[in-house]
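> One structure, pasted below without further comment.
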Protein chains: 2
Amino acid sequence: MSSKPTLHTSLSPALLHLYDLSNSVVVIIDVFRATSTISSALYNGAKCVIPVDSVPKAIEISRNIDGIAAGERDGQIAEGLAHGNSPLEYNREFIGGRTLVLTTTNGTRLLHMALERGADTIVSGSFPNLSAVCEFLLAQNKNVVLGCAGWKDRFNLEDTLFAGAVITRIKKHFEIHCDSSLMAEAMYNKHKNNLMGFATKLTHYHRLVERFGLIDDIKFCLTEDGANVLPVYREGRLVVETVK
Amino acid sequence: MSSKPTLHTSLSPALLHLYDLSNSVVVIIDVFRATSTISSALYNGAKCVIPVDSVPKAIEISRNIDGIAAGERDGQIAEGLAHGNSPLEYNREFIGGRTLVLTTTNGTRLLHMALERGADTIVSGSFPNLSAVCEFLLAQNKNVVLGCAGWKDRFNLEDTLFAGAVITRIKKHFEIHCDSSLMAEAMYNKHKNNLMGFATKLTHYHRLVERFGLIDDIKFCLTEDGANVLPVYREGRLVVETVK
């Protein structure tokens with residue numbers, strides 16, 4: 001009889017309903033680029049990040065609190081906004097001490113889904129904060145659901161690779177009977193020594209690099225622990241917490 | 001400019017709606033065990049296989065046509081039926097010249113979903129008929145959607161491995177921008193020389209072998225071209241067609 005908590009990987013928001021979130025820590029994963037941007041902004045001193053599901057809401061909330069409204073739709077800065085979803089945009093000079101109000105195609109949407117489905121705790125995960133996420137999951141000793149944001153409900157490999165990175169580090173402490181997790185771990189271990197090289201084969205890479213030239217974004221998003229903070233969702237905001 | 005048809009892989013019935021089926025050949029994949037059983041029955045001379053979505057319907061239809069009602073729920077012979085979803089049950093002596101009316105948890109359900117979503121052509125794919133499926137897809141020169149049945153909408157690796165086997169054989173002739181396909185191909189190529197060894201790690205293996213002792217079923221289901229016919233769905237029935 002095992003007393004380890006369980007770990008599952010949800011490969012798409014359209015599969016999230018298959019998992020019991022009510023007793024789980026849910027890790028929201030949107031490697032290109034929402035959760036990498038959240039790590040970046042908080043690492044660089046943002047007071048908090050407020051994830052919202054629409055551009056008008058981002059504008060309204062940011063106006064009320066003197067925050068920065070930002071977001072993307074289909075990979076580009078959303079119409080009506082001055083700031084997008086690039087982690088490199090949120091350096092210390094710009095974001096330090098301020099609040100980022102962020103809306104994105106996949107990541108912030110998935111976060112709201114997890115919230116609606118009664119997730120016990122929600123954290124934001126990306127390669128830049130891989131270690132912080134793993135430490136937190138180990139410290140909690142609760143069930144875990146790794147939630148990949150995908151692209152408009154389609155499976156993508158970059159989110160899966162991050163799930164695999166987490167699993168590789170913490171699997172000994174969890175009970176894992178989940179083919180998605182087994183696959184994620186295998187894909188990560190196959191490519192971990194050259195994530196940038198593998199990235200050129202991904203659908204999303206073509207969208208971001210060939211159409212928009214965002215190669216530096218990709219590099220940041222695939223570098224482990226470049227912005228190693230733990231964003232936890234508390235009362236409508238993602239705030240940095242220290243792992244105890 | 002490319003004039004190759006496209007190929008996508010749908011990793012779960014819950015993701016099938018993301019793909020345009022109306023101009024596509026859809027391959028229904030339920031390796032453990034529906035599509036392997038369909039290959040087996042037709043290879044061994046069954047007149048046809050009628051996939052239905054409920055046990056009462058299986059009983060009613062089979063009575064009207066003097067067919068064999070069969071099916072499983074949760075891996076076991078469905079209540080009220082005398083025959084299950086084991087490919088080994090359908091040898092030539094038993095099934096030759098007869099009609100199999102089959103209902104299963106995942107595979108036949110996915111077939112009906114593809115039908116409702118207006119699939120151009122539907123075929124049944126499994127390792128036992130891998131070559132026949134590949135020849136058919138190459139001969140059609142149409143878009144392809146490889147539809148994995150999964151387990152109650154969850155991703156599973158055995159269906160993904162079969163998708164990867166198909167992709168490995170026919171990819172040169174298709175335009176593939178699909179992370180699911182890229183992953184499926186990688187997982188298949190990693191494990192193709194020892195599918196049985198890898199199978200012991202899969203969620204479904206535990207269900208079938210440790211609970212029900214179906215190791216011989218698993219072996220049949222993972223052996224390429226052991227029942228190499230092409231089941232095509234025509235007017236309510238899966239019938240064998242010869243690839244032209």
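Convention: chains lettered A, B, ... in structure tokens order; per-chain residue numbering from 1; ligands numbered from 1 as shown.
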Is it possible to see chain A as a PDB file with C-alpha atoms, in the first residue's frame, once it has been laid onto chain B by a least-squares fit on every C-alpha atom in order?

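Once written, out.pdb looks like this:
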```pdb
ATOM      1  CA  MET A   1       4.165  25.327 -52.384  1.00  0.00           C
ATOM      2  CA  SER A   2       3.361  21.792 -51.408  1.00  0.00           C
ATOM      3  CA  SER A   3       0.632  19.684 -52.902  1.00  0.00           C
ATOM      4  CA  LYS A   4       1.007  16.840 -50.427  1.00  0.00           C
ATOM      5  CA  PRO A   5      -2.021  15.978 -48.323  1.00  0.00           C
ATOM      6  CA  THR A   6      -1.804  16.719 -44.588  1.00  0.00           C
ATOM      7  CA  LEU A   7      -1.580  14.269 -41.706  1.00  0.00           C
ATOM      8  CA  HIS A   8      -2.633  14.936 -38.108  1.00  0.00           C
ATOM      9  CA  THR A   9      -2.868  12.772 -35.011  1.00  0.00           C
ATOM     10  CA  SER A  10      -5.739  13.196 -32.548  1.00  0.00           C
ATOM     11  CA  LEU A  11      -4.571  11.851 -29.181  1.00  0.00           C
ATOM     12  CA  SER A  12      -8.023  11.460 -27.618  1.00  0.00           C
ATOM     13  CA  PRO A  13     -11.683  11.380 -28.717  1.00  0.00           C
ATOM     14  CA  ALA A  14     -12.025  14.620 -26.713  1.00  0.00           C
ATOM     15  CA  LEU A  15      -9.660  16.289 -29.201  1.00  0.00           C
ATOM     16  CA  LEU A  16     -11.201  14.936 -32.414  1.00  0.00           C
ATOM     17  CA  HIS A  17     -13.327  18.054 -32.938  1.00  0.00           C
ATOM     18  CA  LEU A  18     -10.130  20.072 -33.494  1.00  0.00           C
ATOM     19  CA  TYR A  19      -9.523  18.415 -36.845  1.00  0.00           C
ATOM     20  CA  ASP A  20     -11.342  18.760 -40.149  1.00  0.00           C
ATOM     21  CA  LEU A  21     -12.574  15.271 -40.933  1.00  0.00           C
ATOM     22  CA  SER A  22     -14.757  16.121 -43.893  1.00  0.00           C
ATOM     23  CA  ASN A  23     -11.967  15.789 -46.443  1.00  0.00           C
ATOM     24  CA  SER A  24      -9.978  13.199 -44.521  1.00  0.00           C
ATOM     25  CA  VAL A  25      -9.479   9.507 -44.184  1.00  0.00           C
ATOM     26  CA  VAL A  26      -9.866   8.852 -40.458  1.00  0.00           C
ATOM     27  CA  VAL A  27      -8.034   5.866 -38.995  1.00  0.00           C
ATOM     28  CA  ILE A  28      -9.728   4.598 -35.835  1.00  0.00           C
ATOM     29  CA  ILE A  29      -7.062   3.246 -33.477  1.00  0.00           C
ATOM     30  CA  ASP A  30      -7.895   1.174 -30.408  1.00  0.00           C
ATOM     31  CA  VAL A  31      -4.901  -1.137 -30.082  1.00  0.00           C
ATOM     32  CA  PHE A  32      -6.060  -2.762 -26.805  1.00  0.00           C
ATOM     33  CA  ARG A  33      -8.281  -4.214 -28.261  1.00  0.00           C
ATOM     34  CA  ALA A  34     -11.225  -3.176 -30.464  1.00  0.00           C
ATOM     35  CA  THR A  35      -9.443  -2.470 -33.728  1.00  0.00           C
ATOM     36  CA  SER A  36      -7.155  -5.496 -33.247  1.00  0.00           C
ATOM     37  CA  THR A  37     -10.274  -7.616 -32.751  1.00  0.00           C
ATOM     38  CA  ILE A  38     -11.833  -6.146 -35.890  1.00  0.00           C
ATOM     39  CA  SER A  39      -8.692  -7.043 -37.871  1.00  0.00           C
ATOM     40  CA  SER A  40      -8.711 -10.539 -36.409  1.00  0.00           C
ATOM     41  CA  ALA A  41     -12.377 -11.246 -37.137  1.00  0.00           C
ATOM     42  CA  LEU A  42     -12.225  -9.980 -40.713  1.00  0.00           C
ATOM     43  CA  TYR A  43      -8.920 -11.710 -41.418  1.00  0.00           C
ATOM     44  CA  ASN A  44     -10.476 -14.940 -40.225  1.00  0.00           C
ATOM     45  CA  GLY A  45     -13.338 -14.686 -42.651  1.00  0.00           C
ATOM     46  CA  ALA A  46     -16.078 -12.738 -40.851  1.00  0.00           C
ATOM     47  CA  LYS A  47     -18.569 -11.410 -43.402  1.00  0.00           C
ATOM     48  CA  CYS A  48     -18.399  -7.990 -41.748  1.00  0.00           C
ATOM     49  CA  VAL A  49     -18.201  -6.234 -38.381  1.00  0.00           C
ATOM     50  CA  ILE A  50     -21.046  -3.955 -37.314  1.00  0.00           C
ATOM     51  CA  PRO A  51     -19.832  -1.483 -34.689  1.00  0.00           C
ATOM     52  CA  VAL A  52     -22.619  -0.364 -32.339  1.00  0.00           C
ATOM     53  CA  ASP A  53     -22.676   1.905 -29.329  1.00  0.00           C
ATOM     54  CA  SER A  54     -24.695  -0.137 -26.830  1.00  0.00           C
ATOM     55  CA  VAL A  55     -25.168  -3.674 -25.567  1.00  0.00           C
ATOM     56  CA  PRO A  56     -28.953  -3.762 -26.251  1.00  0.00           C
ATOM     57  CA  LYS A  57     -28.312  -2.626 -29.822  1.00  0.00           C
ATOM     58  CA  ALA A  58     -25.674  -5.335 -30.257  1.00  0.00           C
ATOM     59  CA  ILE A  59     -28.123  -7.961 -29.046  1.00  0.00           C
ATOM     60  CA  GLU A  60     -30.998  -6.695 -31.173  1.00  0.00           C
ATOM     61  CA  ILE A  61     -29.043  -6.372 -34.407  1.00  0.00           C
ATOM     62  CA  SER A  62     -27.279  -9.697 -34.027  1.00  0.00           C
ATOM     63  CA  ARG A  63     -30.612 -11.441 -33.424  1.00  0.00           C
ATOM     64  CA  ASN A  64     -32.097 -10.012 -36.619  1.00  0.00           C
ATOM     65  CA  ILE A  65     -29.223 -11.119 -38.826  1.00  0.00           C
ATOM     66  CA  ASP A  66     -28.082 -14.248 -36.961  1.00  0.00           C
ATOM     67  CA  GLY A  67     -24.846 -12.458 -36.042  1.00  0.00           C
ATOM     68  CA  ILE A  68     -22.605 -12.722 -33.014  1.00  0.00           C
ATOM     69  CA  ALA A  69     -23.175 -10.036 -30.397  1.00  0.00           C
ATOM     70  CA  ALA A  70     -19.961  -9.147 -28.593  1.00  0.00           C
ATOM     71  CA  GLY A  71     -18.362  -6.427 -26.590  1.00  0.00           C
ATOM     72  CA  GLU A  72     -16.671  -5.200 -23.488  1.00  0.00           C
ATOM     73  CA  ARG A  73     -17.111  -2.628 -20.834  1.00  0.00           C
ATOM     74  CA  ASP A  74     -14.153  -1.680 -18.673  1.00  0.00           C
ATOM     75  CA  GLY A  75     -12.020  -4.437 -20.159  1.00  0.00           C
ATOM     76  CA  GLN A  76     -14.391  -7.346 -19.476  1.00  0.00           C
ATOM     77  CA  ILE A  77     -17.132  -9.097 -21.487  1.00  0.00           C
ATOM     78  CA  ALA A  78     -20.123  -6.775 -21.229  1.00  0.00           C
ATOM     79  CA  GLU A  79     -23.015  -7.929 -19.090  1.00  0.00           C
ATOM     80  CA  GLY A  80     -25.658  -9.682 -21.161  1.00  0.00           C
ATOM     81  CA  LEU A  81     -23.186 -10.812 -23.827  1.00  0.00           C
ATOM     82  CA  ALA A  82     -21.487 -14.184 -24.311  1.00  0.00           C
ATOM     83  CA  HIS A  83     -18.515 -12.899 -26.301  1.00  0.00           C
ATOM     84  CA  GLY A  84     -15.986 -10.192 -25.544  1.00  0.00           C
ATOM     85  CA  ASN A  85     -13.346  -8.068 -27.153  1.00  0.00           C
ATOM     86  CA  SER A  86     -10.516 -10.582 -27.397  1.00  0.00           C
ATOM     87  CA  PRO A  87      -8.994 -10.879 -30.891  1.00  0.00           C
ATOM     88  CA  LEU A  88      -8.066 -14.493 -30.097  1.00  0.00           C
ATOM     89  CA  GLU A  89     -11.701 -15.450 -29.628  1.00  0.00           C
ATOM     90  CA  TYR A  90     -12.440 -14.849 -33.304  1.00  0.00           C
ATOM     91  CA  ASN A  91     -10.698 -17.702 -35.070  1.00  0.00           C
ATOM     92  CA  ARG A  92     -11.765 -19.007 -38.459  1.00  0.00           C
ATOM     93  CA  GLU A  93     -13.845 -21.897 -37.084  1.00  0.00           C
ATOM     94  CA  PHE A  94     -15.926 -19.554 -34.987  1.00  0.00           C
ATOM     95  CA  ILE A  95     -16.268 -16.378 -37.030  1.00  0.00           C
ATOM     96  CA  GLY A  96     -15.825 -17.556 -40.652  1.00  0.00           C
ATOM     97  CA  GLY A  97     -18.807 -16.456 -42.774  1.00  0.00           C
ATOM     98  CA  ARG A  98     -20.561 -14.802 -39.822  1.00  0.00           C
ATOM     99  CA  THR A  99     -21.245 -11.201 -38.809  1.00  0.00           C
ATOM    100  CA  LEU A 100     -19.734  -9.748 -35.639  1.00  0.00           C
ATOM    101  CA  VAL A 101     -21.806  -7.050 -33.907  1.00  0.00           C
ATOM    102  CA  LEU A 102     -19.327  -5.292 -31.616  1.00  0.00           C
ATOM    103  CA  THR A 103     -19.614  -2.684 -28.875  1.00  0.00           C
ATOM    104  CA  THR A 104     -16.612  -1.457 -26.879  1.00  0.00           C
ATOM    105  CA  THR A 105     -15.732   1.263 -24.376  1.00  0.00           C
ATOM    106  CA  ASN A 106     -13.542   3.369 -26.603  1.00  0.00           C
ATOM    107  CA  GLY A 107     -12.972   2.181 -30.175  1.00  0.00           C
ATOM    108  CA  THR A 108     -16.518   1.784 -31.477  1.00  0.00           C
ATOM    109  CA  ARG A 109     -17.497   5.007 -29.698  1.00  0.00           C
ATOM    110  CA  LEU A 110     -14.738   6.920 -31.499  1.00  0.00           C
ATOM    111  CA  LEU A 111     -15.840   5.464 -34.824  1.00  0.00           C
ATOM    112  CA  HIS A 112     -19.345   6.836 -34.287  1.00  0.00           C
ATOM    113  CA  MET A 113     -17.906  10.218 -33.341  1.00  0.00           C
ATOM    114  CA  ALA A 114     -15.913  10.334 -36.587  1.00  0.00           C
ATOM    115  CA  LEU A 115     -19.045   9.405 -38.487  1.00  0.00           C
ATOM    116  CA  GLU A 116     -21.066  12.155 -36.827  1.00  0.00           C
ATOM    117  CA  ARG A 117     -18.334  14.651 -37.600  1.00  0.00           C
ATOM    118  CA  GLY A 118     -18.610  13.857 -41.295  1.00  0.00           C
ATOM    119  CA  ALA A 119     -15.437  11.895 -41.921  1.00  0.00           C
ATOM    120  CA  ASP A 120     -14.903  11.276 -45.624  1.00  0.00           C
ATOM    121  CA  THR A 121     -13.701   7.698 -45.132  1.00  0.00           C
ATOM    122  CA  ILE A 122     -13.210   5.630 -41.979  1.00  0.00           C
ATOM    123  CA  VAL A 123     -10.848   2.688 -41.644  1.00  0.00           C
ATOM    124  CA  SER A 124      -9.867   0.559 -38.656  1.00  0.00           C
ATOM    125  CA  GLY A 125      -6.178   0.433 -37.736  1.00  0.00           C
ATOM    126  CA  SER A 126      -4.131  -1.830 -35.484  1.00  0.00           C
ATOM    127  CA  PHE A 127      -0.663  -3.376 -35.476  1.00  0.00           C
ATOM    128  CA  PRO A 128      -2.083  -6.626 -36.948  1.00  0.00           C
ATOM    129  CA  ASN A 129      -3.120  -4.699 -40.063  1.00  0.00           C
ATOM    130  CA  LEU A 130      -0.455  -1.968 -40.126  1.00  0.00           C
ATOM    131  CA  SER A 131       0.715  -2.616 -43.689  1.00  0.00           C
ATOM    132  CA  ALA A 132      -2.802  -2.681 -45.127  1.00  0.00           C
ATOM    133  CA  VAL A 133      -3.616   0.661 -43.470  1.00  0.00           C
ATOM    134  CA  CYS A 134      -0.423   2.298 -44.761  1.00  0.00           C
ATOM    135  CA  GLU A 135      -0.969   1.026 -48.306  1.00  0.00           C
ATOM    136  CA  PHE A 136      -4.505   2.353 -48.265  1.00  0.00           C
ATOM    137  CA  LEU A 137      -3.488   5.794 -46.999  1.00  0.00           C
ATOM    138  CA  LEU A 138      -0.797   6.066 -49.661  1.00  0.00           C
ATOM    139  CA  ALA A 139      -3.191   5.003 -52.404  1.00  0.00           C
ATOM    140  CA  GLN A 140      -5.898   7.504 -51.399  1.00  0.00           C
ATOM    141  CA  ASN A 141      -3.727  10.620 -51.546  1.00  0.00           C
ATOM    142  CA  LYS A 142      -6.188  12.407 -49.222  1.00  0.00           C
ATOM    143  CA  ASN A 143      -5.676  14.172 -45.908  1.00  0.00           C
ATOM    144  CA  VAL A 144      -5.323  11.794 -42.959  1.00  0.00           C
ATOM    145  CA  VAL A 145      -6.395  12.006 -39.316  1.00  0.00           C
ATOM    146  CA  LEU A 146      -5.034   9.258 -37.086  1.00  0.00           C
ATOM    147  CA  GLY A 147      -7.650   8.993 -34.323  1.00  0.00           C
ATOM    148  CA  CYS A 148      -6.500   7.446 -31.067  1.00  0.00           C
ATOM    149  CA  ALA A 149      -9.341   5.986 -28.981  1.00  0.00           C
ATOM    150  CA  GLY A 150      -7.515   6.329 -25.672  1.00  0.00           C
ATOM    151  CA  TRP A 151      -9.173   5.166 -22.475  1.00  0.00           C
ATOM    152  CA  LYS A 152     -12.316   7.078 -21.518  1.00  0.00           C
ATOM    153  CA  ASP A 153     -10.878  10.148 -23.235  1.00  0.00           C
ATOM    154  CA  ARG A 154      -7.493   9.838 -21.548  1.00  0.00           C
ATOM    155  CA  PHE A 155      -4.354   9.675 -23.662  1.00  0.00           C
ATOM    156  CA  ASN A 156      -2.781   6.257 -23.932  1.00  0.00           C
ATOM    157  CA  LEU A 157       0.535   5.181 -25.335  1.00  0.00           C
ATOM    158  CA  GLU A 158      -0.422   2.020 -27.235  1.00  0.00           C
ATOM    159  CA  ASP A 159      -2.671   3.912 -29.647  1.00  0.00           C
ATOM    160  CA  THR A 160      -0.024   6.614 -29.959  1.00  0.00           C
ATOM    161  CA  LEU A 161       2.624   3.992 -30.771  1.00  0.00           C
ATOM    162  CA  PHE A 162       0.480   2.689 -33.609  1.00  0.00           C
ATOM    163  CA  ALA A 163      -0.022   6.213 -34.947  1.00  0.00           C
ATOM    164  CA  GLY A 164       3.780   6.535 -34.806  1.00  0.00           C
ATOM    165  CA  ALA A 165       4.222   3.299 -36.738  1.00  0.00           C
ATOM    166  CA  VAL A 166       1.959   4.597 -39.516  1.00  0.00           C
ATOM    167  CA  ILE A 167       3.722   7.967 -39.593  1.00  0.00           C
ATOM    168  CA  THR A 168       7.156   6.342 -39.751  1.00  0.00           C
ATOM    169  CA  ARG A 169       6.106   4.409 -42.841  1.00  0.00           C
ATOM    170  CA  ILE A 170       4.234   7.058 -44.816  1.00  0.00           C
ATOM    171  CA  LYS A 171       5.493  10.454 -43.643  1.00  0.00           C
ATOM    172  CA  LYS A 172       7.409  11.311 -46.789  1.00  0.00           C
ATOM    173  CA  HIS A 173       4.169  11.502 -48.699  1.00  0.00           C
ATOM    174  CA  PHE A 174       2.396  13.888 -46.315  1.00  0.00           C
ATOM    175  CA  GLU A 175       2.721  17.447 -45.058  1.00  0.00           C
ATOM    176  CA  ILE A 176       2.987  17.107 -41.274  1.00  0.00           C
ATOM    177  CA  HIS A 177       2.885  20.148 -38.960  1.00  0.00           C
ATOM    178  CA  CYS A 178       1.538  18.499 -35.844  1.00  0.00           C
ATOM    179  CA  ASP A 179       3.314  18.048 -32.510  1.00  0.00           C
ATOM    180  CA  SER A 180       1.164  15.004 -31.716  1.00  0.00           C
ATOM    181  CA  SER A 181       2.456  13.263 -34.836  1.00  0.00           C
ATOM    182  CA  LEU A 182       6.050  14.271 -34.093  1.00  0.00           C
ATOM    183  CA  MET A 183       5.730  12.834 -30.595  1.00  0.00           C
ATOM    184  CA  ALA A 184       4.001   9.640 -31.777  1.00  0.00           C
ATOM    185  CA  GLU A 185       6.738   8.988 -34.295  1.00  0.00           C
ATOM    186  CA  ALA A 186       9.462   9.552 -31.687  1.00  0.00           C
ATOM    187  CA  MET A 187       7.823   7.237 -29.143  1.00  0.00           C
ATOM    188  CA  TYR A 188       7.342   4.484 -31.731  1.00  0.00           C
ATOM    189  CA  ASN A 189      10.909   4.673 -32.943  1.00  0.00           C
ATOM    190  CA  LYS A 190      12.210   4.572 -29.389  1.00  0.00           C
ATOM    191  CA  HIS A 191      10.306   1.381 -28.610  1.00  0.00           C
ATOM    192  CA  LYS A 192       9.663  -0.388 -31.922  1.00  0.00           C
ATOM    193  CA  ASN A 193      12.249  -3.086 -31.306  1.00  0.00           C
ATOM    194  CA  ASN A 194      10.678  -4.098 -28.017  1.00  0.00           C
ATOM    195  CA  LEU A 195       7.019  -3.142 -27.923  1.00  0.00           C
ATOM    196  CA  MET A 196       6.207  -6.019 -25.554  1.00  0.00           C
ATOM    197  CA  GLY A 197       8.870  -4.920 -23.103  1.00  0.00           C
ATOM    198  CA  PHE A 198       7.646  -1.340 -23.135  1.00  0.00           C
ATOM    199  CA  ALA A 199       4.006  -2.435 -22.861  1.00  0.00           C
ATOM    200  CA  THR A 200       4.544  -3.529 -19.263  1.00  0.00           C
ATOM    201  CA  LYS A 201       4.826   0.131 -18.296  1.00  0.00           C
ATOM    202  CA  LEU A 202       1.467   1.169 -19.759  1.00  0.00           C
ATOM    203  CA  THR A 203      -1.636   1.864 -17.698  1.00  0.00           C
ATOM    204  CA  HIS A 204      -3.741  -0.340 -19.933  1.00  0.00           C
ATOM    205  CA  TYR A 205      -1.322  -3.262 -19.600  1.00  0.00           C
ATOM    206  CA  HIS A 206      -1.931  -3.306 -15.880  1.00  0.00           C
ATOM    207  CA  ARG A 207      -5.664  -3.327 -16.465  1.00  0.00           C
ATOM    208  CA  LEU A 208      -5.595  -6.152 -19.020  1.00  0.00           C
ATOM    209  CA  VAL A 209      -2.771  -8.348 -17.790  1.00  0.00           C
ATOM    210  CA  GLU A 210      -2.623  -7.935 -14.043  1.00  0.00           C
ATOM    211  CA  ARG A 211      -6.378  -7.871 -13.554  1.00  0.00           C
ATOM    212  CA  PHE A 212      -7.556 -10.165 -16.347  1.00  0.00           C
ATOM    213  CA  GLY A 213      -4.476 -12.191 -17.369  1.00  0.00           C
ATOM    214  CA  LEU A 214      -4.746 -11.267 -21.052  1.00  0.00           C
ATOM    215  CA  ILE A 215      -1.051 -11.502 -21.960  1.00  0.00           C
ATOM    216  CA  ASP A 216      -1.697 -13.429 -25.204  1.00  0.00           C
ATOM    217  CA  ASP A 217      -4.121 -10.727 -26.308  1.00  0.00           C
ATOM    218  CA  ILE A 218      -1.434  -8.111 -25.748  1.00  0.00           C
ATOM    219  CA  LYS A 219       1.078 -10.090 -27.812  1.00  0.00           C
ATOM    220  CA  PHE A 220      -1.341 -10.380 -30.710  1.00  0.00           C
ATOM    221  CA  CYS A 221      -2.265  -6.702 -30.477  1.00  0.00           C
ATOM    222  CA  LEU A 222       1.393  -5.621 -30.665  1.00  0.00           C
ATOM    223  CA  THR A 223       2.453  -7.900 -33.536  1.00  0.00           C
ATOM    224  CA  GLU A 224       2.643  -6.224 -36.914  1.00  0.00           C
ATOM    225  CA  ASP A 225       0.683  -7.697 -39.812  1.00  0.00           C
ATOM    226  CA  GLY A 226      -0.679 -10.754 -38.006  1.00  0.00           C
ATOM    227  CA  ALA A 227      -4.114 -10.159 -39.564  1.00  0.00           C
ATOM    228  CA  ASN A 228      -3.325  -7.907 -42.469  1.00  0.00           C
ATOM    229  CA  VAL A 229      -6.668  -6.877 -43.942  1.00  0.00           C
ATOM    230  CA  LEU A 230      -8.149  -3.427 -44.497  1.00  0.00           C
ATOM    231  CA  PRO A 231     -11.487  -2.836 -42.714  1.00  0.00           C
ATOM    232  CA  VAL A 232     -13.307   0.100 -44.298  1.00  0.00           C
ATOM    233  CA  TYR A 233     -16.585   1.467 -42.952  1.00  0.00           C
ATOM    234  CA  ARG A 234     -19.307   1.328 -45.612  1.00  0.00           C
ATOM    235  CA  GLU A 235     -22.991   1.848 -44.860  1.00  0.00           C
ATOM    236  CA  GLY A 236     -22.924   0.794 -41.244  1.00  0.00           C
ATOM    237  CA  ARG A 237     -20.446  -2.047 -41.551  1.00  0.00           C
ATOM    238  CA  LEU A 238     -16.720  -2.612 -41.531  1.00  0.00           C
ATOM    239  CA  VAL A 239     -15.900  -4.712 -44.578  1.00  0.00           C
ATOM    240  CA  VAL A 240     -12.625  -5.852 -46.093  1.00  0.00           C
ATOM    241  CA  GLU A 241     -11.484  -3.927 -49.132  1.00  0.00           C
ATOM    242  CA  THR A 242      -8.539  -4.605 -51.346  1.00  0.00           C
ATOM    243  CA  VAL A 243      -6.194  -1.657 -51.813  1.00  0.00           C
ATOM    244  CA  LYS A 244      -6.112  -0.680 -55.474  1.00  0.00           C
TER     245      LYS A 244
END
```
> As a VMD selection string, which residues of region 135-205 of chain A does DSSP assign to helix (DSSP H, G or I)?
chain A and resid 135 to 140 157 to 173 179 to 199 203 to 205
> Taking C-alpha atoms for each residue, export the selection above as an mmCIF file, in the first residue's frame.

```
data_model
loop_
_atom_site.group_PDB
_atom_site.id
_atom_site.type_symbol
_atom_site.label_atom_id
_atom_site.label_comp_id
_atom_site.auth_asym_id
_atom_site.auth_seq_id
_atom_site.Cartn_x
_atom_site.Cartn_y
_atom_site.Cartn_z
ATOM 1 C CA GLU A 135 10.626 22.350 -4.587
ATOM 2 C CA PHE A 136 7.091 23.533 -3.979
ATOM 3 C CA LEU A 137 5.509 20.292 -5.193
ATOM 4 C CA LEU A 138 7.824 18.245 -2.990
ATOM 5 C CA ALA A 139 7.106 20.412 0.039
ATOM 6 C CA GLN A 140 3.313 20.218 -0.369
ATOM 7 C CA LEU A 157 5.452 19.492 -27.221
ATOM 8 C CA GLU A 158 7.008 22.441 -25.376
ATOM 9 C CA ASP A 159 4.499 22.239 -22.527
ATOM 10 C CA THR A 160 4.879 18.462 -22.492
ATOM 11 C CA LEU A 161 8.671 18.799 -22.272
ATOM 12 C CA PHE A 162 8.310 20.991 -19.205
ATOM 13 C CA ALA A 163 5.939 18.488 -17.602
ATOM 14 C CA GLY A 164 8.616 15.866 -18.338
ATOM 15 C CA ALA A 165 11.291 17.996 -16.692
ATOM 16 C CA VAL A 166 9.202 18.243 -13.514
ATOM 17 C CA ILE A 167 8.452 14.514 -13.530
ATOM 18 C CA THR A 168 12.115 13.621 -14.024
ATOM 19 C CA ARG A 169 13.023 15.605 -10.921
ATOM 20 C CA ILE A 170 10.257 14.602 -8.520
ATOM 21 C CA LYS A 171 8.903 11.240 -9.683
ATOM 22 C CA LYS A 172 10.338 9.194 -6.845
ATOM 23 C CA HIS A 173 8.056 10.963 -4.428
ATOM 24 C CA ASP A 179 0.685 7.333 -19.860
ATOM 25 C CA SER A 180 0.821 11.092 -20.470
ATOM 26 C CA SER A 181 3.401 11.459 -17.706
ATOM 27 C CA LEU A 182 5.392 8.468 -18.962
ATOM 28 C CA MET A 183 5.481 9.986 -22.439
ATOM 29 C CA ALA A 184 6.351 13.485 -21.178
ATOM 30 C CA GLU A 185 9.256 12.136 -19.178
ATOM 31 C CA ALA A 186 10.559 10.142 -22.156
ATOM 32 C CA MET A 187 10.344 13.114 -24.531
ATOM 33 C CA TYR A 188 12.119 15.409 -22.062
ATOM 34 C CA ASN A 189 14.919 12.961 -21.434
ATOM 35 C CA LYS A 190 15.400 12.428 -25.151
ATOM 36 C CA HIS A 191 15.817 16.147 -25.795
ATOM 37 C CA LYS A 192 16.970 17.736 -22.530
ATOM 38 C CA ASN A 193 20.531 18.252 -23.711
ATOM 39 C CA ASN A 194 19.433 20.210 -26.755
ATOM 40 C CA LEU A 195 16.027 21.762 -26.200
ATOM 41 C CA MET A 196 16.824 24.643 -28.569
ATOM 42 C CA GLY A 197 17.771 22.263 -31.351
ATOM 43 C CA PHE A 198 14.603 20.242 -30.915
ATOM 44 C CA ALA A 199 12.466 23.387 -30.659
ATOM 45 C CA THR A 203 4.634 23.868 -34.585
ATOM 46 C CA HIS A 204 4.769 26.772 -32.169
ATOM 47 C CA TYR A 205 8.389 27.551 -33.057
#
```
> So that I can check the secondary structure, give me every residue of region 97-144 of chain A assigned strand (DSSP E or B) by backbone DSSP, as a list in words.
Thr99, Leu100, Val101, Leu102, Thr103, Thr121, Ile122, Val123, Ser124, Gly125, Asn143 and Val144 of chain A
